[in-house]
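Working notes, beginning with the structure itself.
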Amino acid sequence: MNNLIFIAVVLAVTALAYHYGRRHALGVVGGKARDLHSLPGYHGAYVALWCLVPAMTCAVLWFVIEPLVLKQMIASSILESRPGLSGDEIGLAVNEIHSLSINAYAFASATADKKALVARYLEIQSIGSTAMAVLAFAFAAAGLYYARKMIAPRLRARQAVEKAMMYAMIICSIIAVLTTIGIVFSLLFEAMRFFTYVSPIDFLFGLQWSPQIAMRSDQVGSSGAFGAVPVFAGTLLITAVSMAIAVPIGLLSAIYMAEYSSPKFRAWVKPILEVLAGIPTVVYGFFAALTMAPFVRDVGQALGLEVASESALAAGIVMGIMIIPFVSSLSDDVINAVPQSLRDGAYAMGATKSETIRQVVIPAAFPGIVGSIMLAVSRAIGETMIVVMAAGMAANLTANPFAAVTTVTVQIVTLLIGDQEFDSPKTLAAFALGLVLFVVTLILNIIALTVVRRYREQYE
Amino acid sequence: MNSALPAAVAKGPDLSKARIKRRYAAEARFRFYGLGAITFAVIFLVILLGTIVSNGYSAFVATTIALDVHLDKAAIDPDGTKNLDTISQADFRGVVRTSIRTLFPEGTGRSQERELFGIFSEGAQYDVQKRVLNNPEIIGTTQRFWVKAAPDIDMLRKGYLVAADDGTARINLTQQGFYQQLEKNGRVRTEFNTTFFTAADSREPEQAGVLGAMVGTFMTLGVCLIIVLPIGVAAAIYLEEFAPKNRWTDLIEVNINNLAAVPSIVFGLLGLAVLLNWFGMPRSAPIAGGVVLALLVLPTIIIAGRSALKAVPPSIREAALGVGASHLQTVAHHVLPLAMPGILTGTIIGMAHALGESAPLLMIGMVAFVVDVPTSLTDASTVLPVQIFLWADAPERAFVERTSAAIMVLLVFLVLMNLVAILLRKKFERRW
């Protein structure tokens, strides 16, 4: 809440600074705007930026540094009262104080010395944010003073403002890159911590996956097993089932829409297929769990097969249907990009339409189609809600689509939902799985996007 | 000329007719496969939506039972002070139970009494309490309340449950008998389920609603929009209008395209590791959810923004530059306004995508069971898709109905957003 007030005040001051700067610039030339190098509005913006940027820089720096400083200070006061704690224990204690400071309910039942620490924590926090606010406004005032002194008829305010806007836009475009870097580093960092408990070889090639760690160390299976092969195999199985649905149906509908259908039919059917892509995945998950899984089980039993109620088949079919529009719209684009002259050549040889498609259009469009299928595979691997709701939890190493298997995304969700300690291999394993997921989908995407782009360029 | 043709060709049997027939059959078959594939997809869509609607429409109505509650002064307000604190402490459960007993004056017997109480919602006492607190004057009188039936009775009335006495059914024949008698007396009716739109989550299906999730959704999407729109538009303008063609901008471009295809759950892991553990943002809060969704839809919006800017013909830019506008003025005064409808369309579609997203929000703890409607950006809250996920796990039949109804609410929002996007596009689309 305080942050919101701070931002509102800064913005209000900025708006005032704009008006002040504009008025002042006009005043300097006695109201004759044409004597100014830049329009009066640019002078206003110049002053406003000199106000806004120092204040916001100060606030953003504080936002990044504050958690570190706060943790450091509270850690030292914990150490004062309970000397001899190890680094990890201090970290845990600091986290506890932090969560107590947010959660009033838990705070009420905390012990007295913890309450004192929370009070100190909140005190440091409030002193810190007051200091930050004072500092920010001091910077703003200094900026205002400087900008006011700079205003003169010859001041190239427009150039200065435009330069600042350009930097702002560059920063905005870099945010996407920063997101990628953030993903890579956070996954790598946590996965590294995981690999101090479990060796990467065991993780990538182990055949046993049972991440639940027992409460007491002398219980059976106390250490947990983190061999992820069954999880990878389950992911591949469900992906394969979904591709078996999505590729033929998506491709055939793309071919029909691109080559056979009338423009009117196409104008109706294409949006309908795209609705399939717009439905939230949680809806598919609900449908898979409630309707498709019992249906598959009943059909299987009628045929005398043993079908698990959370079979890979049910989740895979529903996922495949969700992916149909991805395959069909991408393939549709790709098929449309094949030059008409190739088709005309085939017709001139006496080929029928389907022969032309099968022997000329598809081979010509093949790289693009492969690219679209790879994008679909990457989508299927990363899909979460359908499998969380309709696939199993237990890791079975099997290729039988009627059995229940688990996937990478299911495991990430189950490992991270609920209470979590950030030091146990159980939660860190989720980040290792996330890293694998990220790397695999990234490779698929890069190859697919490159293939599709090359293909487009070929016919342009 | 004709005489030069070798005679042998004419001699063999003419196979070409059969061959052509075969080829035409193959042609028809191929065409049929294509049509079949489209039909399959469309039929599936119809089945999907049909299942949801047929499962969910009945959740919009609820069974209520008329109960004449004698608001006994001795039980509710013994001092006669009409002090609200005293009243809120009073034993409304007892008051309600007394009035339930009077429904069957012939007496029910002790064991059957429990079955009788089971017909009514646990929340009945709160409805009574609320009305008394709003208007303490009614203490001492007898008032008619239409209280909610228990979820199982509601299901029985809607025909989803069958009563039986062998312990397999959730309702036994005694309860069914009570219910039928009440219905014969005209005490049972079906009314619009306002609770569903005015309450947050609850363990009791008849008291659960989507309001909490809807408010959470609006807050989360609001945060997301505030962050993503300026950043997305600025990045799109820079990359399309100003960026020099070099290795760095190539990298940014490749990076944005790849980021758009990164699985959404990975963004959840990023949010958990960076926003929650590093910056100490509160768990389950709309502010954290909004930031995660903003990072998730940013690439989509940048890509949409760039294609909208690309659609503005260069002649506009040249004309503006020609009369002396600076490069930035050209973009801000001429190109951007013309591209704005396209950018907004892309933004709405991006927000619709964010609205349906649930996996990354699971990672930052928005799966909490929240019984209060959130009031600030740092309150624990949930969003519609996650609410659907939570309800889908609940075993009661009444929750199946509510899950489907919540899905219908979600789909209505999605349809509205897409409709706005389509209308915007139709109204402002220009062919240059």
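A note on labels: chains of the structure tokens are A, B, ... as shown, every chain counts residues from 1, and ligands are counted from 1 in their shown order.
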How close does chain A get to chain B? List, as a Markdown table, each residue of chain A within 6 Å, its nearest atom pair and the distance in Å to one decimal, counting only C-alpha atoms.
```
| residue | atom | partner | partner_atom | distance |
| --- | --- | --- | --- | --- |
| A:Met169 | CA | B:Ala234 | CA | 5.0 |
| A:Cys172 | CA | B:Ala235 | CA | 5.2 |
| A:Ser173 | CA | B:Ala235 | CA | 4.3 |
| A:Ile183 | CA | B:Leu270 | CA | 5.4 |
| A:Ile249 | CA | B:Ala37 | CA | 4.9 |
| A:Leu252 | CA | B:Gly34 | CA | 4.7 |
| A:Ser253 | CA | B:Gly34 | CA | 5.1 |
| A:Tyr256 | CA | B:Gly34 | CA | 5.0 |
| A:Pro280 | CA | B:Gly356 | CA | 4.6 |
| A:Ser354 | CA | B:Glu27 | CA | 5.3 |
| A:Gly382 | CA | B:Pro263 | CA | 4.8 |
```
C-alpha atoms of the current selection, written as a compact mmCIF listing (two decimals), in the first residue's frame:
```txt
# COMPACT_ATOMS: atom_id res chain seq x y z
CA MET A 169 12.21 1.83 -25.23
CA CYS A 172 11.59 -2.27 -22.48
CA SER A 173 12.85 -4.44 -25.34
CA ILE A 183 14.57 -18.23 -16.29
CA ILE A 249 -6.22 -34.67 -38.11
CA LEU A 252 -5.66 -33.40 -43.19
CA SER A 253 -7.83 -30.48 -42.15
CA TYR A 256 -8.61 -29.68 -47.02
CA PRO A 280 -8.32 -22.81 -21.42
CA SER A 354 -4.96 -35.39 -54.64
CA GLY A 382 5.12 -28.43 -21.77
```
Exercise. Could you tell me, as a ChimeraX atom specification, which residues of segment 330-380 of chain B DSSP assigns to alpha helix (DSSP H) when given the backbone?
Key: /B:330,336-355,359-363
Go ahead and dump the residues you just picked, C-alpha atoms, as a CSV table (one decimal), in the first residue's frame.
```
chain,number,residue,atom,x,y,z
B,330,THR,CA,6.4,10.7,-36.7
B,336,LEU,CA,1.1,4.7,-33.4
B,337,PRO,CA,-2.4,6.1,-33.6
B,338,LEU,CA,-3.0,4.2,-36.9
B,339,ALA,CA,-1.5,1.0,-35.4
B,340,MET,CA,-3.4,1.4,-32.1
B,341,PRO,CA,-6.5,-0.7,-33.0
B,342,GLY,CA,-4.2,-3.6,-34.1
B,343,ILE,CA,-2.1,-3.3,-30.9
B,344,LEU,CA,-5.2,-3.2,-28.8
B,345,THR,CA,-6.7,-6.3,-30.6
B,346,GLY,CA,-3.4,-8.1,-29.9
B,347,THR,CA,-3.4,-7.0,-26.3
B,348,ILE,CA,-7.0,-8.2,-25.7
B,349,ILE,CA,-6.2,-11.6,-27.2
B,350,GLY,CA,-3.1,-11.7,-25.0
B,351,MET,CA,-5.2,-10.9,-22.0
B,352,ALA,CA,-7.7,-13.6,-22.9
B,353,HIS,CA,-4.7,-16.0,-23.0
B,354,ALA,CA,-3.6,-14.8,-19.6
B,355,LEU,CA,-7.2,-15.2,-18.3
B,359,ALA,CA,-0.2,-23.6,-14.5
B,360,PRO,CA,2.2,-20.8,-13.6
B,361,LEU,CA,-0.2,-19.5,-10.9
B,362,LEU,CA,-0.2,-22.9,-9.2
B,363,MET,CA,3.6,-22.5,-8.8
```
Quiz prompt | Distance in Å - atom CA of Pro271 of chain A versus atom CA of Glu259 of chain A | solution =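 These two atoms are separated by 17.3 Å.
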Quiz item: What is the atom CA of Gly289 of chain B to atom CA of Ile417 of chain A distance in Å?
Solution: 15.2 Å
Self-check item: Pairwise distance for atom CA of Leu173 of chain B and atom CA of Ile153 of chain B, rounded to one decimal in Å
Solution: 11.7 Å
